[in-house]
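Enquirer: Input final_16.tsv, format and content: TSV, C-alpha atoms and all ligand atoms.
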chain	number	residue	atom	x	y	z
A	1	MET	CA	-33.73	105.58	235.08
A	2	LYS	CA	-34.03	101.85	234.59
A	3	SER	CA	-32.19	101.91	231.27
A	4	THR	CA	-29.44	104.14	232.70
A	5	SER	CA	-28.70	101.73	235.49
A	6	ILE	CA	-28.61	98.81	233.07
A	7	ALA	CA	-26.24	100.78	230.83
A	8	ALA	CA	-23.95	101.40	233.81
A	9	TYR	CA	-24.12	97.72	234.62
A	10	GLY	CA	-23.24	96.96	231.00
A	11	ALA	CA	-20.21	99.26	231.19
A	12	THR	CA	-19.07	97.41	234.31
A	13	ALA	CA	-19.45	94.10	232.49
A	14	LEU	CA	-17.42	95.50	229.58
A	15	SER	CA	-14.64	96.50	232.01
A	16	LEU	CA	-14.71	92.99	233.42
A	17	LEU	CA	-14.27	91.54	229.93
A	18	GLN	CA	-11.28	93.82	229.43
A	19	SER	CA	-9.66	92.72	232.69
A	20	ARG	CA	-10.07	89.04	231.74
A	21	ASP	CA	-8.30	89.34	228.39
A	22	PRO	CA	-6.73	92.80	227.91
A	23	ALA	CA	-4.87	91.89	224.70
A	24	GLY	CA	-7.84	90.22	223.02
A	25	PHE	CA	-10.16	93.03	224.11
A	26	GLU	CA	-7.78	95.64	222.70
A	27	LYS	CA	-7.54	93.78	219.41
A	28	LEU	CA	-11.33	93.75	219.02
A	29	PHE	CA	-11.48	97.52	219.47
A	30	GLN	CA	-8.34	98.32	217.52
A	31	TYR	CA	-9.61	97.01	214.20
A	32	LEU	CA	-13.35	97.53	214.26
A	33	THR	CA	-14.92	95.27	211.69
A	34	PRO	CA	-18.46	93.82	211.52
A	35	SER	CA	-16.98	90.58	212.82
A	36	SER	CA	-15.21	92.18	215.82
A	37	LEU	CA	-18.31	94.23	216.69
A	38	ARG	CA	-20.39	91.07	216.61
A	39	THR	CA	-17.91	89.33	218.91
A	40	LEU	CA	-17.96	92.28	221.31
A	41	GLN	CA	-21.74	92.25	221.37
A	42	ASP	CA	-21.91	88.48	221.96
A	43	CYS	CA	-19.31	88.59	224.75
A	44	LEU	CA	-21.09	91.45	226.45
A	45	CYS	CA	-24.52	89.80	226.25
A	46	GLU	CA	-23.04	86.60	227.64
A	47	ALA	CA	-21.34	88.46	230.48
A	48	LEU	CA	-24.57	90.23	231.36
A	49	ASP	CA	-26.50	86.98	231.26
A	50	THR	CA	-24.20	85.38	233.79
A	51	LYS	CA	-23.17	86.50	237.23
A	52	THR	CA	-20.35	88.90	236.51
A	53	THR	CA	-20.02	91.18	239.51
A	54	SER	CA	-22.57	91.10	242.29
A	55	GLY	CA	-25.18	89.11	240.41
A	56	THR	CA	-27.19	89.86	237.31
A	57	HIS	CA	-29.12	93.09	237.09
A	58	PRO	CA	-32.85	92.53	237.77
A	59	GLY	CA	-33.75	94.94	234.98
A	60	TRP	CA	-31.54	93.04	232.55
A	61	GLN	CA	-33.38	89.78	233.15
A	62	SER	CA	-36.70	91.39	232.35
A	63	LEU	CA	-35.56	92.64	228.94
A	64	SER	CA	-36.59	90.90	225.75
A	65	SER	CA	-33.91	89.45	223.46
A	66	THR	CA	-34.20	92.46	221.15
A	67	GLU	CA	-33.91	94.90	224.06
A	68	LYS	CA	-30.82	93.09	225.35
A	69	THR	CA	-29.19	93.36	221.94
A	70	GLN	CA	-30.08	97.05	221.80
A	71	CYS	CA	-28.64	97.60	225.27
A	72	CYS	CA	-25.38	95.85	224.33
A	73	ASN	CA	-25.15	97.93	221.16
A	74	GLU	CA	-25.51	101.13	223.19
A	75	VAL	CA	-22.82	100.08	225.67
A	76	VAL	CA	-20.39	99.13	222.88
A	77	ALA	CA	-21.19	102.32	220.92
A	78	GLU	CA	-20.48	104.48	223.96
A	79	ALA	CA	-17.22	102.65	224.58
A	80	VAL	CA	-16.19	103.14	220.94
A	81	LEU	CA	-16.91	106.89	221.17
A	82	ARG	CA	-15.01	107.20	224.46
A	83	ARG	CA	-12.00	105.47	222.94
A	84	LEU	CA	-12.11	107.73	219.87
A	85	VAL	CA	-12.17	110.84	222.07
A	86	PHE	CA	-9.28	109.44	224.11
A	87	LYS	CA	-7.30	108.74	220.93
A	88	CYS	CA	-7.96	112.28	219.65
A	89	LEU	CA	-6.79	113.82	222.92
A	90	ARG	CA	-3.73	111.57	222.94
A	91	LYS	CA	-2.97	112.54	219.33
A	92	TYR	CA	-3.17	116.24	220.19
A	93	SER	CA	-0.72	115.62	223.02
A	94	THR	CA	1.83	114.35	220.46
A	95	CYS	CA	1.60	117.46	218.27
A	96	SER	CA	5.02	118.76	217.19
A	97	THR	CA	5.99	122.27	218.26
A	98	PRO	CA	5.97	125.01	215.58
A	99	GLN	CA	9.78	125.23	215.89
A	100	THR	CA	10.21	121.50	215.25
A	101	MET	CA	7.78	121.68	212.35
A	102	GLU	CA	9.59	124.57	210.71
A	103	GLU	CA	12.92	122.77	211.02
A	104	ALA	CA	11.37	119.61	209.53
A	105	LEU	CA	9.92	121.61	206.62
A	106	LYS	CA	13.40	123.03	205.92
A	107	HIS	CA	15.21	119.71	206.40
A	108	HIS	CA	14.65	117.80	203.15
A	109	THR	CA	15.91	118.90	199.75
A	110	LEU	CA	13.19	118.14	197.24
A	111	PRO	CA	14.07	115.94	194.24
A	112	LYS	CA	14.34	117.61	190.82
A	113	SER	CA	11.20	115.95	189.41
A	114	LEU	CA	9.14	117.16	192.36
A	115	LYS	CA	10.49	120.71	192.02
A	116	GLU	CA	9.43	120.72	188.37
A	117	GLU	CA	5.99	119.40	189.24
A	118	LEU	CA	5.53	122.09	191.87
A	119	VAL	CA	6.63	124.91	189.54
A	120	GLU	CA	4.25	123.67	186.87
A	121	ARG	CA	1.39	123.49	189.34
A	122	TYR	CA	2.00	126.51	191.55
A	123	GLY	CA	4.37	128.76	189.55
A	124	GLY	CA	7.19	130.75	191.13
A	125	ASP	CA	10.80	129.65	191.59
A	126	PRO	CA	11.67	125.96	192.04
A	127	PRO	CA	11.34	125.25	195.79
A	128	ASN	CA	14.36	123.65	197.42
A	129	THR	CA	12.43	122.48	200.48
A	130	TRP	CA	8.85	121.94	201.69
A	131	TYR	CA	9.28	125.21	203.58
A	132	ASP	CA	9.89	127.04	200.29
A	133	ALA	CA	6.88	125.29	198.77
A	134	LEU	CA	4.74	126.43	201.72
A	135	GLN	CA	5.89	130.05	201.23
A	136	ARG	CA	4.67	129.80	197.63
A	137	LEU	CA	1.25	128.63	198.86
A	138	LYS	CA	1.10	131.61	201.22
A	139	VAL	CA	1.73	133.98	198.30
A	140	ILE	CA	-1.01	132.30	196.27
A	141	ALA	CA	-3.43	132.42	199.21
A	142	ASP	CA	-2.63	136.10	199.84
A	143	ASN	CA	-3.30	136.88	196.18
A	144	ASN	CA	-6.62	135.08	196.30
A	145	ALA	CA	-8.61	138.14	197.25
A	146	ASP	CA	-11.66	136.50	195.79
A	147	GLN	CA	-12.97	134.29	198.60
A	148	ARG	CA	-14.22	131.71	196.13
A	149	ASN	CA	-10.60	130.77	195.43
A	150	PRO	CA	-8.85	128.30	197.71
A	151	GLY	CA	-7.39	129.62	200.95
A	152	LEU	CA	-4.06	128.50	202.39
A	153	TRP	CA	-5.39	125.51	204.31
A	154	GLU	CA	-7.22	124.13	201.28
A	155	LEU	CA	-4.04	124.56	199.24
A	156	VAL	CA	-2.04	122.72	201.93
A	157	LEU	CA	-4.50	119.82	202.00
A	158	ASP	CA	-4.31	119.48	198.22
A	159	HIS	CA	-0.50	119.79	198.07
A	160	PRO	CA	1.98	116.94	197.46
A	161	MET	CA	3.44	117.89	200.86
A	162	THR	CA	0.47	116.22	202.57
A	163	ALA	CA	-0.41	113.66	199.90
A	164	TYR	CA	-0.70	109.92	200.38
A	165	VAL	CA	2.43	108.17	199.16
A	166	PRO	CA	2.30	104.37	198.81
A	167	VAL	CA	5.16	102.35	200.24
A	168	GLN	CA	7.50	101.69	197.35
A	169	CYS	CA	10.99	100.81	196.25
A	170	GLN	CA	13.02	103.92	197.04
A	171	SER	CA	15.05	103.40	193.88
A	172	CYS	CA	12.65	102.55	191.04
A	173	GLY	CA	9.35	103.42	192.73
A	174	LEU	CA	7.72	99.99	192.35
A	175	VAL	CA	4.73	100.14	194.72
A	176	VAL	CA	4.30	97.49	197.41
A	177	PRO	CA	0.70	96.27	197.10
A	178	ASP	CA	-1.22	96.77	200.33
A	179	ASP	CA	-3.44	94.12	201.84
A	180	LEU	CA	-6.61	95.57	200.29
A	181	ASN	CA	-5.55	94.95	196.71
A	182	SER	CA	-3.24	91.99	197.09
A	183	ASP	CA	-3.30	88.43	198.33
A	184	LEU	CA	0.50	88.27	198.13
A	185	THR	CA	2.42	87.53	201.31
A	186	ASP	CA	5.16	89.82	202.66
A	187	GLU	CA	7.74	87.37	201.36
A	188	GLN	CA	6.22	87.36	197.88
A	189	VAL	CA	6.46	91.17	197.63
A	190	GLY	CA	10.04	91.12	198.94
A	191	LEU	CA	9.23	92.45	202.40
A	192	ARG	CA	10.52	91.42	205.80
A	193	GLU	CA	10.38	92.91	209.28
A	194	GLU	CA	13.57	93.87	211.09
A	195	GLU	CA	14.39	95.41	214.44
A	196	PRO	CA	15.14	99.16	214.16
A	197	THR	CA	18.74	100.30	214.46
A	198	ASP	CA	19.67	102.46	217.45
A	199	GLU	CA	19.31	105.50	215.21
A	200	GLU	CA	15.92	104.45	213.86
A	201	ALA	CA	14.44	103.21	217.15
A	202	PRO	CA	13.22	106.60	218.50
A	203	LEU	CA	11.50	107.34	215.18
A	204	VAL	CA	9.68	104.04	214.55
A	205	ARG	CA	6.10	103.39	215.61
A	206	SER	CA	3.74	100.44	215.32
A	207	GLY	CA	0.61	100.53	213.17
A	208	TRP	CA	-1.22	98.99	210.26
A	209	PHE	CA	0.68	98.03	207.12
A	210	ARG	CA	-0.52	95.04	205.09
A	211	GLY	CA	-2.31	93.99	208.30
A	212	PRO	CA	-1.92	94.82	211.98
A	213	ARG	CA	1.65	95.36	213.18
A	214	PRO	CA	1.52	95.62	216.97
A	215	HIS	CA	5.28	96.13	217.35
A	216	ALA	CA	7.45	98.97	216.08
A	217	LYS	CA	9.45	97.39	213.25
A	218	VAL	CA	11.41	98.44	210.21
A	219	PHE	CA	10.27	96.99	206.87
A	220	VAL	CA	13.11	95.93	204.64
A	221	LEU	CA	12.06	95.78	201.01
A	222	THR	CA	14.09	93.93	198.41
A	223	CYS	CA	12.58	95.22	195.20
A	224	THR	CA	11.25	92.45	192.97
A	225	GLU	CA	11.88	94.67	189.94
A	226	CYS	CA	15.31	96.28	190.40
A	227	GLY	CA	16.70	94.34	193.38
A	228	VAL	CA	17.58	97.46	195.41
A	229	VAL	CA	17.02	97.15	199.18
A	230	SER	CA	15.04	99.94	200.90
A	231	ARG	CA	14.23	100.46	204.57
A	232	TRP	CA	10.91	102.02	205.57
A	233	PHE	CA	8.92	102.34	208.78
A	234	ARG	CA	5.85	104.03	210.19
A	235	SER	CA	6.64	107.13	212.19
A	236	ARG	CA	5.12	110.03	214.07
A	237	ASP	CA	8.15	112.24	213.47
A	238	PRO	CA	7.61	115.09	210.94
A	239	TYR	CA	11.25	114.83	209.78
A	240	VAL	CA	10.52	111.26	208.68
A	241	ILE	CA	7.01	111.90	207.34
A	242	LEU	CA	8.23	114.78	205.15
A	243	ASN	CA	10.96	112.68	203.51
A	244	ALA	CA	10.41	113.35	199.79
A	245	GLN	CA	12.61	110.53	198.45
A	246	LYS	CA	9.90	107.96	197.63
A	247	TRP	CA	9.17	107.51	201.35
A	248	GLY	CA	5.76	105.96	202.04
A	249	ARG	CA	3.28	108.29	203.75
A	250	LEU	CA	0.19	106.38	204.85
A	251	CYS	CA	-3.17	107.76	206.05
A	252	GLY	CA	-2.08	107.90	209.71
A	253	GLU	CA	1.06	109.85	208.83
A	254	GLN	CA	-1.04	112.19	206.65
A	255	GLU	CA	-3.31	112.94	209.59
A	256	ASP	CA	-0.38	113.48	211.96
A	257	LEU	CA	1.26	115.81	209.45
A	258	ARG	CA	-1.95	117.81	208.96
A	259	LEU	CA	-2.24	118.22	212.71
A	260	ASP	CA	1.37	119.44	212.92
A	261	LEU	CA	0.88	121.81	209.99
A	262	ALA	CA	-2.37	123.22	211.39
A	263	ASN	CA	-0.63	123.82	214.71
A	264	TYR	CA	2.34	125.41	212.92
A	265	LEU	CA	0.17	127.69	210.79
A	266	ASP	CA	-2.04	128.47	213.77
A	267	SER	CA	1.02	129.88	215.53
A	268	HIS	CA	1.21	132.59	212.85
A	269	PRO	CA	-1.92	134.76	213.36
A	270	ASN	CA	-1.66	136.44	209.96
A	271	VAL	CA	-1.56	133.06	208.29
A	272	LEU	CA	-4.50	131.87	210.33
A	273	ALA	CA	-6.52	134.88	209.21
A	274	SER	CA	-5.77	134.38	205.54
A	275	GLY	CA	-5.69	130.59	205.53
A	276	LEU	CA	-7.49	128.58	208.16
A	277	GLY	CA	-9.79	131.47	209.06
A	278	SER	CA	-11.10	131.96	205.55
A	279	TYR	CA	-11.45	128.21	205.14
A	280	LEU	CA	-13.53	127.92	208.30
A	281	GLU	CA	-15.72	130.81	207.20
A	282	ARG	CA	-16.49	129.06	203.94
A	283	VAL	CA	-17.38	125.72	205.44
A	284	GLN	CA	-19.71	127.20	208.06
A	301	ZN	ZN	13.02	98.89	192.59
For the file at hand, write its structure as structure tokens.
Expert:
Amino acid sequence: MKSTSIAAYGATALSLLQSRDPAGFEKLFQYLTPSSLRTLQDCLCEALDTKTTSGTHPGWQSLSSTEKTQCCNEVVAEAVLRRLVFKCLRKYSTCSTPQTMEEALKHHTLPKSLKEELVERYGGDPPNTWYDALQRLKVIADNNADQRNPGLWELVLDHPMTAYVPVQCQSCGLVVPDDLNSDLTDEQVGLREEEPTDEEAPLVRSGWFRGPRPHAKVFVLTCTECGVVSRWFRSRDPYVILNAQKWGRLCGEQEDLRLDLANYLDSHPNVLASGLGSYLERVQ
């Protein structure tokens, strides 16, 4: 019981830290690195060591240094888990409707090179849209009577439709190096931020790209190879994410798209039975 009450006291102290510096607190949690975790732990230990609310907890004072560190770790770990659950629930709340998803799948005409790649890989007629390509996957999944072959959901996850696409020049395809494999500045790679146009504004979201980007911006790329100017932005909208014309699709967009596709396929019971259902059976 003693440890529980100290943990509750720790959670109160953590809330107090948040109220003192909401932006700084959010930043520490948003990009969890060893350094930010260490800072969180130090701030929390310091807050618990001083009078934060109605005085220090008597149990806290009797803990050894190691026990205090352990206690802080537990409080921070619980907060991290709570925030992850909250983010998952919030993500589910943004899921596109099956109708929107189907329209988005039918919206983009696939480029010739992609059509050829898909025919070579999956057979059938050249697909004009992602919707056509998905129909081809359904045929393949239906023909896979042998359960050792991939089901629909596995085919979807391995399909160019849901693949990672690096941000690149939308003319020549020169890839913009991300921050993990480049020390180049935005300016050096030909990139600058710009406010979205009225048309773009509802589609643009904030998020990581070559570092944290807390505000929803459009990235204007002047290609260092061919000189063509491209506009690109992070988005939650499936119409944007499914753009097949050298449009960057980062990990976050991949996850959003998978969620939308799972929800879309889930709305077709026969597809669920042959696709997601068989997949779930195999992984159990
Ligand atoms: Zn280019």
Enquirer: Identify, on the basis of all atoms listed in the file, every residue whose closest approach to Gln70 in chain A does not exceed 12 Å; exclude the query and any residue fewer than 2 positions from it along the same chain; express the result as an NGL selection string.
Expert: :A and (3 or 6-7 or 10 or 41-42 or 44-45 or 60 or 63-68 or 72-77)
Enquirer: Using only C-alpha atoms and all ligand atoms, find each protein or nucleic acid residue lying at most 10 Å from ligand ZN 301 (chain A); present the set as a ChimeraX atom specification.
Expert: /A:168-175,221-230
Enquirer: Just checking: using only C-alpha atoms, which residue out of A:Val176, A:Leu184, A:Val218, A:Met101 ends up closest to Asp198 in chain A?
Expert: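 For Asp198 in chain A, the nearest of the given residues is A:Val218.
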Enquirer: May I ask which of the residues A:Cys43, A:Gln135, A:Glu253, A:Pro238 is the closest one to Ser96 in chain A, counting only C-alpha atoms?
Expert: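 Closest to Ser96 in chain A, using only C-alpha atoms: A:Pro238.
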Enquirer: Mind giving me the straight-line distance from CA of Glu194 in chain A to CA of Arg213 in chain A in Å, one decimal?
Expert: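 Separation of CA of Glu194 in chain A and CA of Arg213 in chain A: 12.2 Å.
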Enquirer: For CA of Ala104 in chain A and CA of Asn143 in chain A, determine how far apart the two atoms are, in Å to one decimal place.
Expert: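 CA of Ala104 in chain A sits 26.3 Å away from CA of Asn143 in chain A.
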Enquirer: Hey, can you check how far CA of Asp49 in chain A sits from CA of Glu26 in chain A?
Expert: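 CA of Asp49 in chain A sits 22.3 Å away from CA of Glu26 in chain A.
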Enquirer: Which residue gives the smallest distance to Leu110 in chain A among A:Leu250, A:Ala244, A:Leu137, A:Leu261, with all atoms listed in the file counted?
Expert: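 Closest to Leu110 in chain A, using all atoms listed in the file: A:Ala244.
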Enquirer: Near Leu17 in chain A, within 8 Å and counting only C-alpha atoms, which residues show up once chain neighbours fewer than 3 positions away are dropped, as a list in words?
Expert: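 Here the qualifying residues turn out to be Ala13, Leu14, Arg20, Asp21, Pro22, Phe25, Cys43, Leu44 and Ala47 of chain A.
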Enquirer: Nearest to Pro111 in chain A among A:Trp130, A:Pro177, A:Gln18, A:Thr97, with distances taken over all atoms listed in the file: which residue is it?
Expert: A:Trp130
Enquirer: Under the rule that all atoms listed in the file are counted, which of A:Arg258, A:Gln99, A:Val189, A:Lys246 is the nearest residue to Asp158 in chain A?
Expert: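 Distance minimum relative to Asp158 in chain A lands on A:Arg258.
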Enquirer: Under the rule that all atoms listed in the file are counted, which of A:Cys251, A:Pro212, A:Glu102, A:Gly151 is the nearest residue to Leu32 in chain A?
Expert: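 When distances to Leu32 in chain A are compared using all atoms listed in the file, the smallest one comes from A:Pro212.
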Enquirer: Give me the residues near His215 in chain A as a PyMOL selection string, where near means some atom within 10 Å (using only C-alpha atoms) and where sequence neighbours in that chain fewer than 3 positions away do not count.
Expert: chain A and resi 195+204-207+212+218
